$ cat final-v7.txt   # compact mmCIF, C-alpha atoms
# COMPACT_ATOMS: atom_id res chain seq x y z
CA MET A 1 -50.25 -33.44 -52.58
CA THR A 2 -51.75 -35.72 -49.92
CA SER A 3 -52.29 -35.19 -46.26
CA GLY A 4 -50.42 -37.61 -44.08
CA PRO A 5 -50.77 -38.84 -40.51
CA ALA A 6 -48.69 -35.89 -39.27
CA GLU A 7 -51.21 -33.34 -40.57
CA ALA A 8 -54.09 -35.32 -39.10
CA GLY A 9 -52.27 -35.45 -35.78
CA HIS A 10 -51.70 -31.69 -35.82
CA TYR A 11 -55.39 -31.13 -36.53
CA ILE A 12 -56.47 -33.36 -33.64
CA LEU A 13 -53.94 -31.73 -31.30
CA GLY A 14 -55.17 -28.25 -32.26
CA HIS A 15 -58.76 -29.35 -31.67
CA TYR A 16 -57.98 -30.60 -28.18
CA ILE A 17 -55.96 -27.47 -27.35
CA LEU A 18 -58.92 -25.29 -28.41
CA ARG A 19 -61.30 -27.36 -26.28
CA TYR A 20 -58.91 -27.11 -23.35
CA ILE A 21 -58.67 -23.32 -23.64
CA LEU A 22 -62.46 -23.00 -23.88
CA ARG A 23 -62.91 -25.19 -20.79
CA ARG A 24 -60.41 -23.07 -18.88
CA LEU A 25 -62.14 -19.85 -19.91
CA ALA A 26 -65.51 -21.26 -18.85
CA PHE A 27 -64.02 -22.30 -15.51
CA ALA A 28 -62.52 -18.82 -15.04
CA VAL A 29 -65.88 -17.16 -15.72
CA PHE A 30 -67.64 -19.52 -13.29
CA LEU A 31 -64.95 -18.97 -10.64
CA VAL A 32 -65.22 -15.18 -10.87
CA PHE A 33 -69.03 -15.35 -10.76
CA ALA A 34 -69.10 -17.72 -7.78
CA VAL A 35 -66.50 -15.85 -5.73
CA SER A 36 -68.11 -12.48 -6.46
CA SER A 37 -71.58 -13.71 -5.58
CA VAL A 38 -70.49 -15.33 -2.33
CA SER A 39 -68.47 -12.28 -1.29
CA LEU A 40 -71.44 -10.04 -2.10
CA VAL A 41 -73.80 -12.08 0.07
CA LEU A 42 -71.27 -12.27 2.92
CA ALA A 43 -70.60 -8.53 2.76
CA TRP A 44 -74.32 -7.78 2.93
CA SER A 45 -74.81 -10.27 5.78
CA ALA A 46 -71.99 -8.85 7.93
CA PRO A 47 -72.96 -6.57 10.84
CA GLY A 48 -73.03 -2.87 10.02
CA ASP A 49 -73.08 -1.09 6.69
CA TYR A 50 -71.49 1.89 4.95
CA PRO A 51 -73.82 4.60 6.38
CA THR A 52 -73.25 3.34 9.93
CA GLU A 53 -69.47 3.26 9.52
CA SER A 54 -69.14 6.54 7.63
CA LEU A 55 -71.51 8.63 9.76
CA GLY A 56 -70.18 7.34 13.06
CA ILE A 57 -71.78 6.24 16.32
CA GLY A 58 -73.27 9.64 17.10
CA ALA A 59 -75.30 9.86 13.89
CA ARG A 60 -79.06 10.15 14.24
CA PRO A 61 -81.06 7.06 13.15
CA GLU A 62 -83.12 9.06 10.64
CA THR A 63 -79.94 10.38 9.04
CA ILE A 64 -78.57 6.85 8.69
CA GLU A 65 -81.84 5.65 7.19
CA GLN A 66 -81.94 8.54 4.70
CA THR A 67 -78.39 7.70 3.61
CA ARG A 68 -79.33 4.04 3.16
CA GLU A 69 -82.30 5.07 1.03
CA ARG A 70 -80.20 7.45 -1.07
CA LEU A 71 -77.60 4.75 -1.76
CA GLY A 72 -80.20 2.04 -2.36
CA LEU A 73 -79.00 -0.05 0.57
CA ASN A 74 -82.43 -0.36 2.19
CA ARG A 75 -83.83 -2.60 -0.55
CA PRO A 76 -84.27 -6.39 -0.10
CA LEU A 77 -81.14 -8.47 -0.63
CA GLY A 78 -82.61 -10.37 -3.57
CA GLU A 79 -83.47 -7.15 -5.40
CA GLN A 80 -79.99 -5.70 -4.84
CA TYR A 81 -78.37 -8.94 -6.03
CA ARG A 82 -80.53 -9.01 -9.16
CA ASP A 83 -79.60 -5.43 -10.00
CA TRP A 84 -75.90 -6.17 -9.42
CA LEU A 85 -76.06 -9.16 -11.78
CA ALA A 86 -77.73 -7.07 -14.48
CA ARG A 87 -75.02 -4.39 -14.21
CA ALA A 88 -72.19 -6.92 -14.00
CA ALA A 89 -73.38 -8.50 -17.26
CA ARG A 90 -72.70 -5.08 -18.85
CA LEU A 91 -69.27 -4.96 -17.10
CA ASP A 92 -70.60 -2.33 -14.69
CA PHE A 93 -69.51 -3.46 -11.22
CA GLY A 94 -71.07 -0.60 -9.31
CA ARG A 95 -69.63 2.52 -7.71
CA SER A 96 -67.38 2.57 -4.69
CA LEU A 97 -69.12 4.23 -1.77
CA LEU A 98 -65.82 5.04 -0.08
CA TYR A 99 -63.95 6.57 -3.03
CA ASP A 100 -66.99 7.72 -5.07
CA ARG A 101 -65.47 6.19 -8.19
CA PRO A 102 -66.49 3.25 -10.41
CA VAL A 103 -65.17 -0.04 -9.08
CA GLY A 104 -64.12 -0.90 -12.63
CA ASP A 105 -61.65 2.00 -12.52
CA LEU A 106 -60.25 1.35 -9.05
CA ILE A 107 -59.59 -2.39 -9.37
CA PRO A 108 -57.29 -2.32 -12.44
CA GLU A 109 -55.12 0.41 -10.90
CA ARG A 110 -54.53 -1.57 -7.71
CA ALA A 111 -54.40 -4.97 -9.47
CA VAL A 112 -51.44 -3.77 -11.54
CA ASN A 113 -49.58 -2.84 -8.35
CA THR A 114 -50.33 -6.24 -6.79
CA ALA A 115 -49.29 -8.01 -10.00
CA VAL A 116 -45.99 -6.12 -10.08
CA LEU A 117 -45.28 -7.13 -6.49
CA ALA A 118 -46.36 -10.76 -6.95
CA LEU A 119 -44.51 -11.33 -10.23
CA THR A 120 -41.32 -9.74 -8.88
CA ALA A 121 -41.47 -12.02 -5.85
CA LEU A 122 -42.22 -15.07 -8.02
CA LEU A 123 -39.32 -14.30 -10.36
CA ALA A 124 -36.89 -13.76 -7.48
CA ALA A 125 -38.05 -16.95 -5.71
CA THR A 126 -37.67 -18.99 -8.89
CA LEU A 127 -34.22 -17.65 -9.78
CA VAL A 128 -32.96 -18.28 -6.24
CA GLY A 129 -34.89 -21.34 -5.08
CA LEU A 130 -34.50 -23.61 -8.12
CA PRO A 131 -30.68 -23.39 -8.46
CA LEU A 132 -30.26 -23.89 -4.72
CA GLY A 133 -32.59 -26.91 -4.88
CA VAL A 134 -30.58 -28.43 -7.71
CA PHE A 135 -27.39 -27.84 -5.74
CA THR A 136 -28.62 -29.39 -2.48
CA GLY A 137 -30.52 -32.21 -4.20
CA SER A 138 -27.55 -33.36 -6.25
CA ARG A 139 -25.26 -33.47 -3.20
CA ARG A 140 -25.92 -35.75 -0.25
CA GLY A 141 -23.54 -34.05 2.18
CA GLY A 142 -21.38 -31.01 2.71
CA VAL A 143 -21.56 -27.91 4.85
CA PRO A 144 -22.94 -25.54 2.14
CA ALA A 145 -25.81 -27.89 1.26
CA GLY A 146 -26.63 -28.41 4.95
CA ALA A 147 -26.64 -24.67 5.61
CA ILE A 148 -29.01 -24.09 2.68
CA ARG A 149 -31.38 -26.80 3.90
CA GLY A 150 -31.41 -25.32 7.39
CA ALA A 151 -32.10 -21.81 6.10
CA SER A 152 -34.94 -23.14 3.93
CA LEU A 153 -36.59 -24.85 6.89
CA VAL A 154 -36.40 -21.64 8.93
CA LEU A 155 -37.88 -19.55 6.12
CA LEU A 156 -40.63 -22.10 5.47
CA SER A 157 -41.76 -21.76 9.08
CA MET A 158 -42.06 -17.97 8.79
CA PRO A 159 -45.27 -16.61 7.24
CA PRO A 160 -45.05 -13.56 4.94
CA LEU A 161 -46.52 -11.39 7.71
CA LEU A 162 -43.63 -12.17 10.07
CA THR A 163 -41.07 -11.88 7.27
CA SER A 164 -42.38 -8.45 6.27
CA LEU A 165 -42.31 -7.23 9.89
CA LEU A 166 -38.70 -8.39 10.25
CA LEU A 167 -37.62 -6.75 6.98
CA VAL A 168 -39.41 -3.50 7.83
CA PHE A 169 -37.65 -3.47 11.21
CA VAL A 170 -34.25 -4.03 9.57
CA ALA A 171 -34.91 -1.35 6.94
CA ALA A 172 -36.05 1.13 9.61
CA ARG A 173 -33.03 0.53 11.84
CA THR A 174 -30.45 0.66 9.05
CA GLY A 175 -32.08 3.30 6.82
CA TRP A 176 -30.88 1.42 3.75
CA LEU A 177 -34.31 1.01 2.15
CA PRO A 178 -37.69 2.78 2.27
CA ILE A 179 -40.10 1.00 4.59
CA GLY A 180 -43.48 1.95 3.18
CA GLY A 181 -45.40 3.02 0.12
CA MET A 182 -44.67 2.62 -3.55
CA ARG A 183 -42.93 5.91 -4.30
CA SER A 184 -41.27 8.63 -2.26
CA PRO A 185 -43.00 12.03 -1.91
CA GLY A 186 -42.07 14.19 -4.86
CA ALA A 187 -40.88 11.25 -6.99
CA PRO A 188 -42.18 11.21 -10.57
CA ALA A 189 -45.26 9.03 -11.03
CA GLY A 190 -45.47 6.37 -13.70
CA GLY A 191 -42.86 4.15 -15.25
CA ILE A 192 -40.10 2.07 -13.69
CA THR A 193 -37.72 4.25 -11.73
CA ILE A 194 -34.93 3.69 -9.21
CA ASP A 195 -37.25 4.98 -6.48
CA LEU A 196 -39.90 2.38 -7.40
CA LEU A 197 -37.35 -0.44 -7.41
CA GLN A 198 -36.09 0.61 -3.98
CA HIS A 199 -39.63 0.57 -2.56
CA LEU A 200 -40.20 -2.84 -4.17
CA ILE A 201 -37.32 -4.59 -2.40
CA VAL A 202 -38.82 -5.00 1.09
CA PRO A 203 -42.34 -6.27 0.15
CA SER A 204 -41.06 -8.49 -2.67
CA LEU A 205 -38.42 -10.05 -0.40
CA ALA A 206 -41.08 -10.69 2.26
CA LEU A 207 -43.01 -12.74 -0.30
CA ALA A 208 -40.04 -14.24 -2.15
CA LEU A 209 -38.05 -15.66 0.77
CA PRO A 210 -40.62 -18.28 1.92
CA LEU A 211 -41.38 -19.14 -1.71
CA ALA A 212 -37.70 -19.57 -2.54
CA ALA A 213 -37.39 -21.93 0.43
CA MET A 214 -40.37 -23.95 -0.80
CA PHE A 215 -38.95 -24.16 -4.34
CA GLU A 216 -35.58 -25.22 -2.92
CA ARG A 217 -37.15 -28.04 -0.90
CA LEU A 218 -39.29 -29.27 -3.81
CA ALA A 219 -36.43 -29.12 -6.31
CA ALA A 220 -34.01 -30.75 -3.87
CA GLN A 221 -36.32 -33.67 -3.19
CA ALA A 222 -37.01 -34.16 -6.90
CA MET A 223 -33.33 -33.93 -7.83
CA ALA A 224 -32.38 -36.42 -5.11
CA GLU A 225 -34.71 -38.93 -6.77
CA VAL A 226 -33.72 -38.09 -10.35
CA VAL A 227 -29.94 -38.39 -9.88
CA GLY A 228 -30.45 -42.05 -8.98
CA GLN A 229 -32.42 -42.83 -12.14
CA PRO A 230 -30.89 -45.20 -14.75
CA PHE A 231 -30.59 -42.54 -17.47
CA VAL A 232 -28.50 -40.32 -15.17
CA LEU A 233 -26.27 -43.18 -14.08
CA ALA A 234 -25.84 -44.28 -17.70
CA ALA A 235 -24.81 -40.78 -18.76
CA LEU A 236 -22.27 -40.59 -15.95
CA ALA A 237 -20.93 -44.04 -16.88
CA ARG A 238 -20.35 -42.84 -20.45
CA GLY A 239 -18.08 -40.13 -19.11
CA VAL A 240 -20.45 -37.17 -19.46
CA PRO A 241 -19.44 -34.48 -16.95
CA ARG A 242 -21.57 -34.56 -13.81
CA ARG A 243 -22.32 -30.84 -13.97
CA ARG A 244 -23.67 -31.22 -17.50
CA VAL A 245 -25.84 -34.21 -16.58
CA VAL A 246 -27.28 -32.49 -13.51
CA TRP A 247 -27.98 -29.07 -15.03
CA ARG A 248 -29.16 -30.28 -18.44
CA ASP A 249 -30.76 -33.73 -18.21
CA ALA A 250 -31.68 -34.21 -14.57
CA LEU A 251 -32.92 -30.65 -14.12
CA LYS A 252 -35.74 -30.94 -16.65
CA ALA A 253 -36.95 -34.20 -15.10
CA GLY A 254 -36.79 -32.64 -11.63
CA LEU A 255 -38.81 -29.55 -12.55
CA ARG A 256 -42.14 -31.36 -12.65
CA PRO A 257 -43.04 -31.01 -8.93
CA VAL A 258 -42.21 -27.29 -9.01
CA ALA A 259 -44.21 -26.69 -12.18
CA ALA A 260 -47.18 -28.56 -10.71
CA VAL A 261 -47.50 -26.11 -7.79
CA TYR A 262 -47.03 -22.88 -9.73
CA GLY A 263 -50.77 -22.25 -9.86
CA LEU A 264 -51.07 -22.72 -6.10
CA VAL A 265 -48.07 -20.44 -5.66
CA VAL A 266 -49.85 -17.62 -7.50
CA GLY A 267 -52.82 -18.04 -5.17
CA THR A 268 -50.49 -18.08 -2.16
CA LEU A 269 -48.78 -14.96 -3.44
CA LEU A 270 -52.09 -13.16 -3.73
CA GLY A 271 -53.24 -14.20 -0.26
CA GLY A 272 -49.87 -13.49 1.32
CA SER A 273 -49.48 -10.19 -0.47
CA PHE A 274 -52.54 -8.79 1.34
CA ALA A 275 -50.75 -8.91 4.69
CA VAL A 276 -47.48 -7.70 3.19
CA GLU A 277 -49.19 -4.80 1.42
CA ILE A 278 -50.80 -3.68 4.66
CA ILE A 279 -47.53 -3.87 6.62
CA THR A 280 -45.48 -2.09 3.94
CA ALA A 281 -48.28 0.30 2.82
CA TRP A 282 -48.01 -1.03 -0.74
CA PRO A 283 -51.01 0.37 -2.70
CA GLY A 284 -52.35 -2.90 -4.07
CA LEU A 285 -55.50 -4.97 -3.84
CA GLY A 286 -54.74 -5.98 -0.26
CA SER A 287 -54.76 -2.48 1.18
CA LEU A 288 -57.74 -1.59 -1.02
CA MET A 289 -59.76 -4.54 0.23
CA LEU A 290 -58.89 -3.76 3.85
CA ALA A 291 -60.18 -0.21 3.42
CA ALA A 292 -63.32 -1.54 1.72
CA LEU A 293 -63.97 -4.02 4.53
CA GLN A 294 -63.48 -1.40 7.22
CA ALA A 295 -65.89 0.99 5.46
CA ARG A 296 -68.36 -1.80 4.55
CA ASP A 297 -68.03 -0.75 0.90
CA VAL A 298 -69.90 -3.74 -0.51
CA TYR A 299 -69.27 -3.28 -4.22
CA LEU A 300 -65.57 -2.59 -3.72
CA VAL A 301 -65.22 -5.75 -1.59
CA VAL A 302 -66.84 -7.74 -4.37
CA GLY A 303 -64.55 -6.19 -6.97
CA CYS A 304 -61.43 -7.06 -4.97
CA ALA A 305 -62.64 -10.64 -4.44
CA GLY A 306 -63.42 -11.00 -8.14
CA ALA A 307 -59.96 -9.72 -9.06
CA GLY A 308 -58.47 -12.28 -6.69
CA SER A 309 -60.37 -15.10 -8.41
CA ILE A 310 -59.01 -13.91 -11.77
CA PHE A 311 -55.50 -14.21 -10.33
CA LEU A 312 -56.28 -17.77 -9.23
CA ALA A 313 -57.69 -18.76 -12.63
CA PHE A 314 -54.64 -17.32 -14.37
CA GLY A 315 -52.35 -19.10 -11.93
CA THR A 316 -54.01 -22.46 -12.63
CA LEU A 317 -53.59 -21.97 -16.37
CA LEU A 318 -49.95 -20.96 -15.85
CA SER A 319 -49.35 -24.06 -13.75
CA ASP A 320 -50.79 -26.35 -16.43
CA ALA A 321 -48.74 -24.66 -19.15
CA ALA A 322 -45.53 -24.94 -17.13
CA LEU A 323 -46.25 -28.61 -16.38
CA ALA A 324 -46.84 -29.36 -20.07
CA LEU A 325 -43.58 -27.61 -20.94
CA VAL A 326 -41.42 -29.77 -18.65
CA ASP A 327 -43.42 -33.01 -18.98
CA PRO A 328 -44.31 -33.99 -22.59
CA ARG A 329 -46.75 -36.63 -21.32
CA VAL A 330 -49.10 -33.88 -20.11
CA SER A 331 -49.27 -32.18 -23.53
CA GLU A 332 -49.87 -35.56 -25.17
$ encode --input "final-v7.txt" --output "structure tokens"
Amino acid sequence: MTSGPAEAGHYILGHYILRYILRRLAFAVFLVFAVSSVSLVLAWSAPGDYPTESLGIGARPETIEQTRERLGLNRPLGEQYRDWLARAARLDFGRSLLYDRPVGDLIPERAVNTAVLALTALLAATLVGLPLGVFTGSRRGGVPAGAIRGASLVLLSMPPLLTSLLLVFVAARTGWLPIGGMRSPGAPAGGITIDLLQHLIVPSLALALPLAAMFERLAAQAMAEVVGQPFVLAALARGVPRRRVVWRDALKAGLRPVAAVYGLVVGTLLGGSFAVEIITAWPGLGSLMLAALQARDVYLVVGCAGAGSIFLAFGTLLSDAALALVDPRVSE
């Protein structure tokens, strides 16, 4: 039994895939380290600190200084940074001054909530935006296609903050949906329930609508170019139904621009979700980071920033994987 060129090719491909994964992991570690370090320095350099904010304006200077000494905040910046690095290497990210809990316990709880919101919005935007983009891109005229293009342009001009305010206003006036929080008072905690899904509608729509409009515009532009390609015209000339050519052959070729921006979309979702979480009182990383910034909780700010960088690294990897799936040249 001899090994042929196919086995050698599989070995080389596996080697390059392993190298690629290792490079991505190294980049993710560097990204988290850099973002956390910069956010730590900026948080320390900002005016005020936790004792000043927590004790209030009327606190006596000696009381503030005693609190700084008790919390270790009166030490030089270099010494505090060195201690933080030593603890972070052991996966100990410090203790939240505001909540009196380890940051390593707080961040995963809120990160799950943000991930649920972001992934729901991403799924809804993909399922709505891509089919609409294929529809408008494969048709040069018509009232429905024109109406979809106009709606996409309007939604693209509205940031998630404005969209969330509009949806909260509509929900408050109609009473159809809850306008804040993640669960109603008295609702059972944990698991996916009808109450959770109802609370998820407003914030996820606030994020999904602008994204769906962006996907529609990208897919429409790509499809408008693909439907004029020779392979599409040849398939139509052979008598293949237009619907089949558009939704099977042209669609895969037109997905490349959308797949290329998926990583950026995840970063946009994370940044946009902060404002949406604050407006809709969704208990995610956004509201947690706002509370940490207001209280000058340095270690909690760093933990939230580090979690955000993990989202970005994962989004970049997801974008590359999606691009390789729809474009074989990338995987080669």
$ residues_near_point --input "final-v7.txt" --point "(-50.5, -10.7, -3.8)" --cutoff "12 Å" --atoms "all atoms listed in the file" --output "PyMOL selection string"
chain A and resi 110-122+160+203-204+206-208+265-278+282-289+304+307-309+311-312+315
$ closest_residue --input "final-v7.txt" --among "A:Ala43, A:Phe215, A:Gln221, A:Ala147" --to "Tyr81 in chain A" --atoms "all atoms listed in the file"
A:Ala43
$ atom_distance --input "final-v7.txt" --atom1 "CA of Leu155 in chain A" --atom2 "CA of Glu216 in chain A"
10.9 Å
$ closest_residue --input "final-v7.txt" --among "A:Asp100, A:Asp92, A:Glu225, A:Glu79" --to "Ser138 in chain A" --atoms "all atoms listed in the file"
A:Glu225
$ atom_distance --input "final-v7.txt" --atom1 "CA of Ala213 in chain A" --atom2 "CA of Leu123 in chain A"
13.4 Å
$ atom_distance --input "final-v7.txt" --atom1 "CA of Arg243 in chain A" --atom2 "CA of Pro257 in chain A"
21.3 Å
$ closest_residue --input "final-v7.txt" --among "A:Ala234, A:Leu197, A:Val38, A:Val143" --to "Arg183 in chain A" --atoms "only C-alpha atoms"
A:Leu197
$ residues_around --input "final-v7.txt" --residues "Ser96 in chain A" --least-positions-apart "5" --cutoff "10 Å" --atoms "only C-alpha atoms" --output "mmCIF file with C-alpha atoms, in the frame of the given file"
data_model
loop_
_atom_site.group_PDB
_atom_site.id
_atom_site.type_symbol
_atom_site.label_atom_id
_atom_site.label_comp_id
_atom_site.auth_asym_id
_atom_site.auth_seq_id
_atom_site.Cartn_x
_atom_site.Cartn_y
_atom_site.Cartn_z
ATOM 1 C CA ARG A 101 -65.470 6.190 -8.190
ATOM 2 C CA PRO A 102 -66.490 3.250 -10.410
ATOM 3 C CA VAL A 103 -65.170 -0.040 -9.080
ATOM 4 C CA GLY A 104 -64.120 -0.900 -12.630
ATOM 5 C CA ASP A 105 -61.650 2.000 -12.520
ATOM 6 C CA LEU A 106 -60.250 1.350 -9.050
ATOM 7 C CA ALA A 292 -63.320 -1.540 1.720
ATOM 8 C CA ASP A 297 -68.030 -0.750 0.900
ATOM 9 C CA VAL A 298 -69.900 -3.740 -0.510
ATOM 10 C CA TYR A 299 -69.270 -3.280 -4.220
ATOM 11 C CA LEU A 300 -65.570 -2.590 -3.720
ATOM 12 C CA VAL A 301 -65.220 -5.750 -1.590
ATOM 13 C CA GLY A 303 -64.550 -6.190 -6.970
#
$ closest_residue --input "final-v7.txt" --among "A:Val32, A:Arg217, A:Leu132, A:Gly48" --to "Pro144 in chain A" --atoms "all atoms listed in the file"
A:Leu132
$ residues_near_point --input "final-v7.txt" --point "(-31.3, -33.1, -4.1)" --cutoff "9 Å" --atoms "all atoms listed in the file" --output "ChimeraX atom specification"
/A:133-140,217-227
$ residues_around --input "final-v7.txt" --residues "Leu165 in chain A" --least-positions-apart "4" --cutoff "8 Å" --atoms "all atoms listed in the file" --output "mmCIF file with C-alpha atoms, in the frame of the given file"
data_model
loop_
_atom_site.group_PDB
_atom_site.id
_atom_site.type_symbol
_atom_site.label_atom_id
_atom_site.label_comp_id
_atom_site.auth_asym_id
_atom_site.auth_seq_id
_atom_site.Cartn_x
_atom_site.Cartn_y
_atom_site.Cartn_z
ATOM 1 C CA LEU A 161 -46.520 -11.390 7.710
ATOM 2 C CA PHE A 169 -37.650 -3.470 11.210
ATOM 3 C CA ILE A 279 -47.530 -3.870 6.620
#
$ closest_residue --input "final-v7.txt" --among "A:Ala313, A:Val258, A:Leu98, A:Ala34" --to "Leu290 in chain A" --atoms "all atoms listed in the file"
A:Leu98
$ build_atoms --input "final-v7.txt" --residues "range 134-148 of chain A" --atoms "N, CA and C atoms" --output "mmCIF file, in the coordinates of the input"
data_model
loop_
_atom_site.group_PDB
_atom_site.id
_atom_site.type_symbol
_atom_site.label_atom_id
_atom_site.label_comp_id
_atom_site.auth_asym_id
_atom_site.auth_seq_id
_atom_site.Cartn_x
_atom_site.Cartn_y
_atom_site.Cartn_z
ATOM 1 N N VAL A 134 -31.396 -27.533 -6.882
ATOM 2 C CA VAL A 134 -30.580 -28.430 -7.710
ATOM 3 C C VAL A 134 -29.247 -28.707 -7.021
ATOM 4 N N PHE A 135 -28.669 -27.686 -6.424
ATOM 5 C CA PHE A 135 -27.390 -27.840 -5.740
ATOM 6 C C PHE A 135 -27.503 -28.783 -4.545
ATOM 7 N N THR A 136 -28.494 -28.551 -3.688
ATOM 8 C CA THR A 136 -28.620 -29.390 -2.480
ATOM 9 C C THR A 136 -29.135 -30.788 -2.816
ATOM 10 N N GLY A 137 -29.980 -30.905 -3.859
ATOM 11 C CA GLY A 137 -30.520 -32.210 -4.200
ATOM 12 C C GLY A 137 -29.527 -33.130 -4.877
ATOM 13 N N SER A 138 -28.553 -32.543 -5.555
ATOM 14 C CA SER A 138 -27.550 -33.360 -6.250
ATOM 15 C C SER A 138 -26.352 -33.669 -5.384
ATOM 16 N N ARG A 139 -26.352 -33.198 -4.138
ATOM 17 C CA ARG A 139 -25.260 -33.470 -3.200
ATOM 18 C C ARG A 139 -25.847 -33.989 -1.895
ATOM 19 N N ARG A 140 -25.360 -35.123 -1.451
ATOM 20 C CA ARG A 140 -25.920 -35.750 -0.250
ATOM 21 C C ARG A 140 -25.317 -35.198 1.034
ATOM 22 N N GLY A 141 -24.183 -34.556 0.975
ATOM 23 C CA GLY A 141 -23.540 -34.050 2.180
ATOM 24 C C GLY A 141 -22.861 -32.731 1.904
ATOM 25 N N GLY A 142 -22.098 -32.263 2.879
ATOM 26 C CA GLY A 142 -21.380 -31.010 2.710
ATOM 27 C C GLY A 142 -21.985 -29.902 3.545
ATOM 28 N N VAL A 143 -21.107 -29.022 4.005
ATOM 29 C CA VAL A 143 -21.560 -27.910 4.850
ATOM 30 C C VAL A 143 -22.433 -26.925 4.081
ATOM 31 N N PRO A 144 -22.075 -26.501 2.845
ATOM 32 C CA PRO A 144 -22.940 -25.540 2.140
ATOM 33 C C PRO A 144 -24.353 -26.068 1.923
ATOM 34 N N ALA A 145 -24.476 -27.327 1.489
ATOM 35 C CA ALA A 145 -25.810 -27.890 1.260
ATOM 36 C C ALA A 145 -26.599 -27.969 2.562
ATOM 37 N N GLY A 146 -25.943 -28.351 3.660
ATOM 38 C CA GLY A 146 -26.630 -28.410 4.950
ATOM 39 C C GLY A 146 -27.091 -27.052 5.426
ATOM 40 N N ALA A 147 -26.257 -26.027 5.204
ATOM 41 C CA ALA A 147 -26.640 -24.670 5.610
ATOM 42 C C ALA A 147 -27.839 -24.180 4.803
ATOM 43 N N ILE A 148 -27.876 -24.505 3.512
ATOM 44 C CA ILE A 148 -29.010 -24.090 2.680
ATOM 45 C C ILE A 148 -30.280 -24.789 3.120
#
